[in-house]
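As structure tokens, the structure follows; a few thoughts come after it.
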Amino acid sequence: MPSFSSSPAWQALLAHRDALAGKRIPDLWEEDPQRGARLTFGCAGLQVDFSKQRVTDATLEGLVALARERDLAGAVERLFGGERVNATENRPALHTALRGEEHVLVEGVDILEDIERGRERMRVFSNAVRDGQWKGATGAKFTHVLALGIGGSALGPRVVIEALADAADGPQVRFVSNIDPAELDDALRGLDPAATLVVIASKTFTTQETMGNAAAARAWIARGLGNDAVAKHFVAATANTAAAVAWGLPECNVFPFGEWVGGRYSVWSSVGLPVAMAVGMARFEQLLAGAHAVDLEFRSNPLERNVPALMALIGIWNRNALGAGTHAVLAYGSRLEHLTTYLQQLEMESLGKRVDEQGEPLDFPTCPVIWGGVGTPGQHAYHQWLHQGTDAVSCDFVVSARPMGSNPAHHEILLSHACAQSEALMRGNRAEQGHRYYPGDRPSTTFVLPELDAHHLGALVAMYEHKVFAEATLWGIDAFDQWGVELGKAIAGEVLPALRGAEQSLHPATRHLLDVIQRVGTQ
Ligand code: F6P
């Protein structure tokens, strides 16, 4: 297969882009007032409005042709069927199996039984914690969960628990990711060790930050309750049971998941345990069901109305044809504060690649910078840049049609701003001049959730997961590895002993910086 950039379908799209030159999104609306209906698609109960993208019917036809040429449908089947789509690590990526009920074989073994057993254990344990049957060492009910984990082992559960704040009727969950000791100090403030359950979430069970915080939390529990309390107060979600047991956990406190679950795709596994404890297993299962509904559509809907595939195709159109090097996710809801951070890991760790699957350098740009935050506060910060900055940018808006809090009138104001921002980005204000001129023509997609509940949140996250997979397929890159994070870890391993006074050969730039830090620290 030719590379993405030299593929005939992509070349045709570039020619189409040139033919469209000068056509702005408002012009497309003027020519075709019906485009709203035609370019809005349902998926798992959400509506996804692509009508403010700079695309015409011909653009979409060209993009769908690209997906066919790149055999997206074949890749999707390989993903769901458990083939080793993670080529550099030589393993499948089967997060979809965690939310389905299909028999999938990994190395000849059907994984469904394990998945169901894992889910059952999560149900029993989370119920026991919630209703006080699983108690701390002193017999106290757990009022708090300290969730230790970083990256994919924290961001997913955090997004879900924050989003479902209305339904949080279990223990209160506090997350600690950073090795910065201030984060653990702040999380522990006011906590009673007797009423605190610690969840260590780490696929590898070797991540320095998480293991460091786990050791500090163990010392805190042992100080308050004695060493024997550890077995009552710690559980683990991991793909490395042996390491968790070696750490000191009884095996029955370990909630395992398969190596075939990528860290940033692990919220659907036992990594979701804090979710089940905070909002109940039934809601966690609604989250899975929402994601599964998207899986079914991604797998079977024709490309022309396949939402995750269209997200990917339009993403590539914006990135590679229209030159948008950054993509802002603008979630209109305070409870979605960490959605952007979550998507940042999902997209940037998956798609921040400079070589193809064979390791050959790419001659086109891949993942844009993913950033953003919450509206309306973002409007008073970076929206100025979105409207009048000099860089090409695309945006995703996320809104809930029904109110998320107790005041429907305020929700209406919130919605009015979300709609206004996407219109302003599209239309601009070209009647003005100088400082008041807005160029407009900034493309955006709006995701409309009927409400911010577990089902629709699960669906939203799964759409982005599949968008990422589809983009990786179209570009011909591996979405499931992350070798780029390794070098920094290795260098940190050399710097730390030097910081602690050991003789260590370091790069002169790092040696210099260390000297500066140590000088400033002792002034
Ligand atoms: O360093 C990157 C990374 O491996 C992520 O991919 C992952 O989500 C995170 O670290 C945490 O890893 P683990 O779950 O093994 O602690």
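Letters for chains follow the order of the structure tokens (A, B, ...), residue numbers begin at 1 for each chain, and ligand numbers begin at 1 in the order shown.
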
Residues within 7 Å of ligand 1 should be enumerated using only C-alpha atoms and all ligand atoms and returned as a short mmCIF file (atom, residue, chain, number, x, y, z; two decimals) with C-alpha atoms, in the first residue's frame.
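Okay, part_18.cif is ready:
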data_model
loop_
_atom_site.label_atom_id
_atom_site.label_comp_id
_atom_site.auth_asym_id
_atom_site.auth_seq_id
_atom_site.Cartn_x
_atom_site.Cartn_y
_atom_site.Cartn_z
CA GLY A 149 -1.89 6.07 39.62
CA ILE A 150 -0.65 8.19 36.74
CA GLY A 151 -1.49 8.67 33.07
CA GLY A 152 -4.03 6.12 31.93
CA SER A 153 -4.14 4.60 35.38
CA ALA A 201 -3.52 1.41 39.85
CA SER A 202 -0.57 0.60 37.64
CA LYS A 203 -0.50 -1.68 34.65
CA THR A 204 3.20 -2.41 35.07
CA PHE A 205 3.36 -1.95 38.85
CA THR A 206 6.78 -0.41 38.32
CA THR A 207 5.95 3.22 37.51
CA THR A 210 2.94 5.46 41.58
CA GLY A 263 -2.73 1.95 29.83
CA ARG A 264 -4.60 4.84 28.24
CA GLN A 482 4.73 5.12 23.45
CA VAL A 485 8.42 8.44 27.03
#

Which of range 15-231 of chain A fall in strand (DSSP E or B), as an MDAnalysis selection string | chainID A and resid 40:43 46:52 86 91 105:106 109:110 144:148 172:176 196:201

Distance query Asn253 in chain A at most 9 Å, only C-alpha atoms, self and fewer than 5 positions along chain excluded, as JSON, numbers by chain = {"A": [231, 232, 234, 235, 236, 237, 245]}

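Taking only C-alpha atoms, the non-local environment of range 10-26 of chain A within 7 Å (same-chain residues fewer than 6 positions away omitted) comprises Phe4, Lys52, Gln53, Arg54, Gly62, Leu66, Ala321, Met426, Arg427 and Asp441 of chain A.
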
If you measure from CA of His466 in chain A to CA of Met311 in chain A, what distance in Å do you get, rounded to one decimal?
-> 8.9 Å

Find the residues near Val85 in chain A: any atom within 9 Å, counting only C-alpha atoms, skip ones fewer than 3 places away on the same chain, and give them as a PyMOL selection string.
-> chain A and resi 75+78-79+82+88+90-93+478-480

Hey, what's within 8 Å of Phe298 in chain A if we count only C-alpha atoms and toss same-chain stuff fewer than 5 positions away? As a PyMOL selection string, please?
-> chain A and resi 306-309+466

Report the residues of range 195-420 of chain A whose backbone DSSP state falls under alpha helix (DSSP H), written as a ChimeraX atom specification.
-> /A:208-225,230-233,241-247,273-279,281-300,307-316,339-344,350-351,383-388,408-420

Considering only C-alpha atoms, state which residue in the set A:Val76, A:Leu63, A:Val173, A:Val369 is at the smallest distance from Leu273 in chain A.
-> A:Val173

Distance in Å - CA of Arg223 in chain A versus CA of Arg189 in chain A | 15.0 Å

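Counting only C-alpha atoms, the residue from A:Arg99, A:Arg299, A:Arg442, A:Arg354 that sits nearest to Ile477 in chain A is A:Arg354.
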
Determine, counting only C-alpha atoms, which protein, DNA and RNA residues have an atom within 12 Å of an atom of Gly434 in chain A; residues of the same chain fewer than 5 positions away are not included. Present the result as an MDAnalysis selection string.
-> chainID A and resid 388 429 439

Filtering to C-alpha atoms, could you give me those residues as a JSON list (two decimals), in the first residue's frame?
[["chain", "number", "residue", "atom", "x", "y", "z"],
["A", 388, "GLN", "CA", -7.84, 36.21, 16.60],
["A", 429, "ASN", "CA", -16.48, 39.53, 12.01],
["A", 439, "PRO", "CA", -11.17, 36.19, 10.42]]

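Of the listed residues A:Pro368, A:Gly405, A:Pro250, A:Pro450, the one whose atoms come nearest to Glu471 in chain A is A:Pro368, with distances taken using only C-alpha atoms.
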
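Each of A:Pro274, A:Gly476, A:Gly42, A:Gly428 was checked against Val199 in chain A using only C-alpha atoms; the smallest atom-to-atom distance is that of A:Pro274.
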